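Before any comments, here is the structure.
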Amino acid sequence: MVTDFNQTDGQFWVGGQPSPEFMPTFGAFAHAWYEENSPAWSKSHCKNTRQSLRTYIGPVFDAVRIDQIDKALILAFRNDMLAGEITREPPSNNFVNKVIATLRQVINEAVDRYGFKSPFVGYRKLRAEKSEVVPFDLDEVQRIIDNIRPAFKNYIVTKFFTGLRTSEVNALQWKHINFKEGLIHVREGLVLDEVTPLKNATSNRDVIMSPEVADALENQRKATGSYDYVFCNDAGQPIDVANFTRRVWKPLLAQLEIPYRKPYDTRHTAATLMLVAGESPAFVAMQLGHSNTEMLFKVYNRFIRNLTRQDGSAFSALLGERVKVK
């Protein structure tokens, strides 16, 4: 059964195709579309979709009857976004593509329900921009480890030398740490204060601890071993990423005069350090949770020196020579 709603009063009508005078506005249809689909989405996807609809798309399209939106209006919207007239400053092509993708999903759902021609026929996305990976070098890593607040030292060592995503390391619980076998069982992620299963099978993995990481986790156990989460605040709750970034990470990099990179770039750093050490790309891909080496070669190609090792020993040897965390 098809659900339709009246443009004038927003009430739902059940069954049949609406006549043109009852075709909904974009805003009315988008609201219903969001309510129907959001229960199956993650919190982060809900947040991003709401922001796109309310902040960027809604002011332009909400009052327009949905079957009256044409390609010219969409292209004008895109150009205004690129010029910074809708956002505070000109956004990246990737950002614009994501906003347009939400607009496209809503309109194409209406096309399926009401049978009008999609204005996206022949539409082409903006060329995606390649973001350059700029990892920290070992000297920068050492300075950060030496100068970060003691409460976050084990946290940052774990991030730098495992390649775990920020969401993964923040979701770690002591039940995931296997000291006997030297493994971290990566099974969950923390997104918007919600612990959820990882989104694909290869992200579920057992990460081999280097001696530096094992020592850091042993030290951390003395501080938070009575809580569920490995890295947590005094109340036993996971680390707040925004708070850590604002109050610890940014001031530290500024103090050390190290060019700013996001906390997530610790993952890129771990990957490049392993590759520079000579670890097998297959081993590195496994540690990072990639299904194969394709992404590794695409992102980190210039850091891949050889294919000779595959057991983590080269990475541990490099850290043992150059990094002191005790």
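Naming scheme: A, B, ... for chains in displayed order of the structure tokens; residues 1 onward per chain; ligands 1 onward as shown.
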Which polymer residues have any atom within 9 Å of an atom of A:Ile107, counting only C-alpha atoms, with same-chain residues fewer than 2 positions away left out, as a short mmCIF file (atom, residue, chain, number, x, y, z; two decimals) with N, CA, C and O atoms, in the first residue's frame?
data_model
loop_
_atom_site.label_atom_id
_atom_site.label_comp_id
_atom_site.auth_asym_id
_atom_site.auth_seq_id
_atom_site.Cartn_x
_atom_site.Cartn_y
_atom_site.Cartn_z
N PHE A 26 8.50 19.31 -1.12
CA PHE A 26 9.71 18.57 -0.77
C PHE A 26 9.81 18.43 0.75
O PHE A 26 10.14 17.35 1.26
N PHE A 29 7.44 15.76 2.14
CA PHE A 29 7.85 14.41 1.76
C PHE A 29 9.14 14.01 2.45
O PHE A 29 9.30 12.87 2.91
N ALA A 30 10.11 14.94 2.55
CA ALA A 30 11.39 14.64 3.19
C ALA A 30 11.19 14.27 4.65
O ALA A 30 11.86 13.37 5.17
N ILE A 66 7.39 18.78 -4.89
CA ILE A 66 8.53 17.90 -5.17
C ILE A 66 8.68 17.54 -6.65
O ILE A 66 9.79 17.37 -7.13
N ASP A 67 7.55 17.46 -7.37
CA ASP A 67 7.66 17.13 -8.79
C ASP A 67 8.03 18.34 -9.65
O ASP A 67 8.23 18.20 -10.86
N ILE A 69 10.74 20.22 -8.88
CA ILE A 69 12.20 20.41 -8.76
C ILE A 69 12.85 19.86 -10.02
O ILE A 69 12.68 18.70 -10.37
N THR A 102 21.91 13.20 -0.43
CA THR A 102 20.70 13.15 0.40
C THR A 102 19.50 13.70 -0.36
O THR A 102 18.40 13.11 -0.35
N LEU A 103 19.69 14.83 -1.03
CA LEU A 103 18.63 15.41 -1.86
C LEU A 103 18.16 14.40 -2.90
O LEU A 103 16.95 14.21 -3.13
N ARG A 104 19.11 13.73 -3.51
CA ARG A 104 18.79 12.77 -4.56
C ARG A 104 18.00 11.58 -4.01
O ARG A 104 17.05 11.10 -4.65
N GLN A 105 18.37 11.09 -2.83
CA GLN A 105 17.65 9.97 -2.23
C GLN A 105 16.18 10.30 -1.99
O GLN A 105 15.30 9.50 -2.28
N GLU A 109 13.02 8.68 -4.21
CA GLU A 109 11.97 7.93 -3.53
C GLU A 109 10.60 8.46 -3.96
O GLU A 109 9.66 7.69 -4.20
N ALA A 110 10.49 9.79 -4.09
CA ALA A 110 9.22 10.38 -4.56
C ALA A 110 8.95 9.98 -6.01
O ALA A 110 7.80 9.73 -6.39
N VAL A 111 9.99 9.91 -6.81
CA VAL A 111 9.84 9.46 -8.21
C VAL A 111 9.25 8.05 -8.25
O VAL A 111 8.33 7.75 -9.03
N ASP A 112 9.78 7.16 -7.39
CA ASP A 112 9.28 5.78 -7.36
C ASP A 112 7.81 5.74 -6.93
O ASP A 112 7.03 4.93 -7.45
N SER A 118 12.65 11.74 -12.93
CA SER A 118 13.67 12.22 -11.99
C SER A 118 14.48 13.36 -12.60
O SER A 118 14.96 13.26 -13.74
N PRO A 119 14.68 14.44 -11.86
CA PRO A 119 15.53 15.53 -12.36
C PRO A 119 17.01 15.18 -12.32
O PRO A 119 17.84 15.95 -12.80
N PHE A 120 17.34 14.02 -11.77
CA PHE A 120 18.74 13.62 -11.69
C PHE A 120 19.19 12.79 -12.89
O PHE A 120 20.33 12.35 -12.94
#
Can you list, as a PyMOL selection string, every protein, DNA or RNA residue that comes within 8 Å of A:Ile208 when you count only C-alpha atoms, leaving out same-chain residues fewer than 2 positions away? chain A and resi 162+182-184+206+210+287+312
Residues from last step as file, N, CA, C and O atoms, as a compact mmCIF listing (two decimals), in the first residue's frame:
# COMPACT_ATOMS: atom_id res chain seq x y z
N THR A 162 48.71 0.91 17.02
CA THR A 162 47.80 -0.18 16.61
C THR A 162 47.12 0.12 15.29
O THR A 162 46.76 -0.81 14.56
N GLY A 182 48.48 -11.68 23.41
CA GLY A 182 48.97 -10.44 22.83
C GLY A 182 48.07 -9.89 21.75
O GLY A 182 48.56 -9.34 20.74
N LEU A 183 46.76 -9.99 21.96
CA LEU A 183 45.80 -9.57 20.94
C LEU A 183 44.78 -8.58 21.50
O LEU A 183 44.42 -8.63 22.67
N ILE A 184 44.34 -7.68 20.64
CA ILE A 184 43.21 -6.81 20.93
C ILE A 184 42.07 -7.26 20.02
O ILE A 184 42.20 -7.25 18.79
N ASP A 206 41.45 -9.30 15.04
CA ASP A 206 42.32 -9.43 16.19
C ASP A 206 43.63 -8.74 15.86
O ASP A 206 44.38 -9.19 14.99
N SER A 210 52.08 -4.68 19.71
CA SER A 210 53.53 -4.55 19.82
C SER A 210 53.88 -4.53 21.30
O SER A 210 53.00 -4.29 22.15
N GLN A 287 45.85 -5.64 10.13
CA GLN A 287 45.86 -4.87 11.37
C GLN A 287 44.82 -3.73 11.31
O GLN A 287 44.18 -3.42 12.30
N GLY A 312 54.85 -8.60 12.00
CA GLY A 312 54.90 -7.52 12.97
C GLY A 312 56.26 -7.30 13.59
O GLY A 312 56.46 -6.33 14.32
Which residue gives the smallest distance to A:Ile86 among A:Lys71, A:Arg302, A:Arg54, A:Arg221, with only C-alpha atoms counted?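 Closest to A:Ile86, using only C-alpha atoms: A:Arg54.
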Separation of atom CA of A:Asp70 and atom CA of A:Thr87, in Å?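 It comes out at 21.9 Å.
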Write down as an NGL selection string the residues of stretch 2-140 of chain A whose backbone DSSP state falls under strand (DSSP E or B). :A and (3-5 or 12-14 or 25 or 65)
Can you tell me which residues surround A:Val133 at a distance of at most 8 Å, considering only C-alpha atoms, apart from same-chain residues fewer than 4 positions away, and format the answer as a ChimeraX atom specification? /A:268,299-300
Preceding selection exported with C-alpha atoms as an mmCIF file, in the first residue's frame:
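Writing done, so here's selection.cif:
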data_model
loop_
_atom_site.group_PDB
_atom_site.id
_atom_site.type_symbol
_atom_site.label_atom_id
_atom_site.label_comp_id
_atom_site.auth_asym_id
_atom_site.auth_seq_id
_atom_site.Cartn_x
_atom_site.Cartn_y
_atom_site.Cartn_z
ATOM 1 C CA HIS A 268 47.502 6.784 9.244
ATOM 2 C CA VAL A 299 46.332 5.579 0.204
ATOM 3 C CA TYR A 300 49.818 4.650 1.358
#
Report, in Å to a single decimal, how far apart atom CA of A:Met286 and atom CA of A:Val230 are.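 Taking atom CA of A:Val230 as the start and atom CA of A:Met286 as the end point, the length is 22.4 Å.
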